[in-house]
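Visitor: For reference, the structure I am asking about is given below.
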Amino acid sequence: MTRQWHAGDDGAGGFPLSYRIYEGSEQRRAQPLVLYLRGNAFRQKVAGLEDAPVALAMAEAGALVVEADYGGPSGSVFPQTLERAFAALKHLVAKRRRFAATRSAVVLAGDEAGGNLAASLALKARDAMPDELAGQVLLSPMIDPRMVTASFNRADGLGLRERWSDGWSRYLASACGYQHPYAVPCLCSRLAGVAPALIVTSDDDPLRDESLDYAARLQTAGVGVTTRILPGTCGWTGIYHGRDGAWCARFRAEFSQFLAELSI
């Protein structure tokens, strides 16, 4: 069920923000709290959408997952979109006991455009609320607006090139080129100190190369990174259409292991 809180200015009296909660069949004390940001090429809307397979997988792995609608009245544009998502993150951190427990670790997660936003939020959290974020989970993040990688050529076969090009044009319409580090984190020159990352993609994913490039840049900056490339036979690219498949079990296992490595 979709609900609302008022986000902004320490979580009270701000703008309305829709969210959806996912809980697994097994719950534990101080379970991790995940802020999940769905993709859809910067056209996110929570209301009316089917449950996200990514969020369901994380919930079944033992997390309490909160999916936030980061799109504003005028759509998803930088920096307003990032500020809405950051308000949601601050609200969860400040009010985590209402959702999970006082000691619950907070993790960011996002796929496709939501992965870009999760990466941006991890940078902003490092700068504005250090030590509050336990980790970030990026699933084939749509992270490079240049769209020039070898794997991206496969986007034509999936019918996604135009959708992603339009999404980037909309999102960056008011940004100063690609220069703002929070707008395009793959071009950020200061990555050290961000939360440890789990980055997942697949052999047949158009966003594979840019995902792996960002993982490599994080590692070079001294950030702990776990990278997983799933086989093309697992149906991973179904995440772009909200479809589950064999990839769900694989991702759930990788997510559980990531939490264990973070001692969550």
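Here, A, B, ... name the chains of the structure tokens in the order displayed, residue numbers run from 1 inside each chain, and ligands are numbered from 1 in the same displayed order.
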Got a sec to tell me which of region 26-233 of chain A DSSP assigns to alpha helix (DSSP H), as a PyMOL selection string?

Guide: chain A and resi 53-60+80-94+96-99+113-128+155-158+161-171+208-220

Visitor: So that I can check the surroundings of Phe251 (chain A), please list as a list in words every protein, DNA and RNA residue that reaches within 10 Å of it, counting only C-alpha atoms and ignoring chain neighbours fewer than 2 positions away.

Guide: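 In the requested format, the answer is Val54, Ala57, Met58, Ala61, Leu139, Val200, Thr201, Arg228, Leu230, Trp236, Ala246, Trp247, Cys248, Ala249, Ala253, Glu254, Phe255, Ser256 and Gln257 of chain A.
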
Visitor: Name the residues of region 30-188 of chain A that come out as strand (DSSP E or B) in a backbone DSSP run; write them as a ChimeraX atom specification.

Guide: /A:33-37,64-68,72,75,106-111,133-139

Visitor: Could you write out the selected residues, including N, CA and C atoms, as a short mmCIF file (atom, residue, chain, number, x, y, z; two decimals), in the first residue's frame?

Guide:
data_model
loop_
_atom_site.label_atom_id
_atom_site.label_comp_id
_atom_site.auth_asym_id
_atom_site.auth_seq_id
_atom_site.Cartn_x
_atom_site.Cartn_y
_atom_site.Cartn_z
N LEU A 33 17.51 -1.09 7.49
CA LEU A 33 16.48 -0.25 6.88
C LEU A 33 17.02 0.25 5.54
N VAL A 34 16.33 -0.08 4.46
CA VAL A 34 16.79 0.25 3.12
C VAL A 34 15.90 1.31 2.50
N LEU A 35 16.50 2.40 2.05
CA LEU A 35 15.78 3.38 1.23
C LEU A 35 16.01 2.97 -0.22
N TYR A 36 14.93 2.54 -0.88
CA TYR A 36 15.03 2.04 -2.25
C TYR A 36 14.46 3.04 -3.24
N LEU A 37 15.20 3.27 -4.32
CA LEU A 37 14.82 4.22 -5.35
C LEU A 37 14.70 3.47 -6.68
N LEU A 64 14.00 -4.24 6.05
CA LEU A 64 12.75 -3.49 5.88
C LEU A 64 13.03 -2.44 4.82
N VAL A 65 12.29 -2.50 3.73
CA VAL A 65 12.58 -1.67 2.56
C VAL A 65 11.51 -0.60 2.41
N VAL A 66 11.96 0.65 2.29
CA VAL A 66 11.06 1.77 2.06
C VAL A 66 11.35 2.32 0.67
N GLU A 67 10.38 2.21 -0.23
CA GLU A 67 10.53 2.75 -1.58
C GLU A 67 9.93 4.15 -1.60
N ALA A 68 10.76 5.14 -1.92
CA ALA A 68 10.31 6.53 -1.92
C ALA A 68 10.08 7.02 -3.34
N GLY A 72 9.06 14.94 -8.31
CA GLY A 72 8.27 16.06 -7.82
C GLY A 72 7.13 16.41 -8.76
N GLY A 75 8.17 16.67 -12.28
CA GLY A 75 8.95 15.55 -12.78
C GLY A 75 10.30 15.46 -12.11
N VAL A 106 21.24 1.90 8.10
CA VAL A 106 20.52 2.45 6.94
C VAL A 106 21.37 2.23 5.69
N VAL A 107 20.73 1.67 4.67
CA VAL A 107 21.39 1.35 3.41
C VAL A 107 20.60 1.98 2.27
N LEU A 108 21.29 2.52 1.28
CA LEU A 108 20.67 3.03 0.07
C LEU A 108 20.68 1.96 -1.00
N ALA A 109 19.63 1.92 -1.82
CA ALA A 109 19.61 0.98 -2.94
C ALA A 109 18.84 1.60 -4.10
N GLY A 110 19.27 1.30 -5.31
CA GLY A 110 18.56 1.81 -6.49
C GLY A 110 18.98 1.06 -7.73
N ASP A 111 18.06 0.93 -8.67
CA ASP A 111 18.38 0.33 -9.94
C ASP A 111 18.17 1.35 -11.05
N LEU A 133 25.38 6.42 6.97
CA LEU A 133 25.01 5.47 5.93
C LEU A 133 25.93 4.25 6.01
N ALA A 134 25.31 3.05 6.10
CA ALA A 134 26.10 1.83 6.24
C ALA A 134 26.58 1.28 4.90
N GLY A 135 25.81 1.49 3.84
CA GLY A 135 26.18 0.92 2.55
C GLY A 135 25.30 1.43 1.43
N GLN A 136 25.69 1.11 0.20
CA GLN A 136 24.90 1.46 -0.97
C GLN A 136 24.87 0.26 -1.91
N VAL A 137 23.70 0.02 -2.49
CA VAL A 137 23.50 -1.10 -3.39
C VAL A 137 23.05 -0.53 -4.73
N LEU A 138 23.88 -0.68 -5.75
CA LEU A 138 23.62 -0.11 -7.06
C LEU A 138 23.41 -1.24 -8.07
N LEU A 139 22.23 -1.30 -8.64
CA LEU A 139 21.90 -2.36 -9.58
C LEU A 139 21.86 -1.77 -10.98
#

Visitor: Show me, as a VMD selection string, the residues that have an atom within 9 Å of Tyr240 (chain A) when counting only C-alpha atoms, minus same-chain residues fewer than 3 positions from it.

Guide: chain A and resid 39 to 40 111 to 112 236 to 237 243

Visitor: Near Cys188 (chain A), counting only C-alpha atoms, which residues have an atom at most 10 Å away, once you skip same-chain residues fewer than 3 positions from it, shown as a list of chain:residue names?

Guide: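 Near neighbours after the sequence-gap exclusion: A:Ser120, A:Leu123, A:Tyr178, A:Gln179, A:His180, A:Pro181, A:Tyr182, A:Ala183, A:Val184, A:Pro185, A:Leu191, A:Arg217.
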
Visitor: Check the smallest atom-to-atom distance from each of A:Leu49, A:Ala221, A:Ala155, A:Leu82 to Asp205 (chain A) using only C-alpha atoms, then report the winner.

Guide: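 So, comparing all the options, the nearest one is A:Ala155.
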
Visitor: Calculated over only C-alpha atoms, which of the candidates A:Ala105, A:Ala128, A:Val225, A:Ile239 has the smallest distance to Pro32 (chain A)?

Guide: A:Ala105

Visitor: Using only C-alpha atoms, which of the listed residues (A:Gly232, A:Ala192, A:Ala94, A:Gly238) sits closest to Thr220 (chain A)?

Guide: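 The shortest atom-to-atom distance to Thr220 (chain A) comes from A:Ala192.
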
Visitor: Could you tell me which of A:Ala125, A:Ala63, A:Val93, A:Val77 comes closest to Leu172 (chain A) if we count only C-alpha atoms?

Guide: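 Looking only at the distances to Leu172 (chain A), the closest residue turns out to be A:Val77.
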
Visitor: Write out as a list in words each polymer residue whose atoms come within 7 Å of Phe42 (chain A), counting only C-alpha atoms; drop sequence neighbours fewer than 6 positions from it.

Guide: Ser76, Ala113, Gly167 and Tyr171 of chain A

Visitor: To one decimal place in Å, what is the distance between CA of Glu162 (chain A) and CA of His241 (chain A)?

Guide: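 Computed distance, CA of Glu162 (chain A) to CA of His241 (chain A), equals 15.2 Å.
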
Visitor: Point out the residue among A:Val194, A:Ala173, A:Leu207, A:Ala100 with the least atom-to-atom distance to Val148 (chain A), counting only C-alpha atoms.

Guide: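 Closest to Val148 (chain A), using only C-alpha atoms: A:Leu207.
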
Visitor: Point out the residue among A:Arg146, A:Arg154, A:Arg103, A:Arg98 with the least atom-to-atom distance to Gln31 (chain A), counting only C-alpha atoms.

Guide: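 So, comparing all the options, the nearest one is A:Arg103.
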
Visitor: Report, in Å to a single decimal, how far apart CA of Glu23 (chain A) and CA of Arg97 (chain A) are.

Guide: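 CA of Glu23 (chain A) lies at a distance of 15.2 Å from CA of Arg97 (chain A).
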
Visitor: Distance CA of Ala118 (chain A)-CA of Ile229 (chain A), one decimal place?

Guide: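 Atom-to-atom, CA of Ala118 (chain A) and CA of Ile229 (chain A) are spaced 19.2 Å apart.
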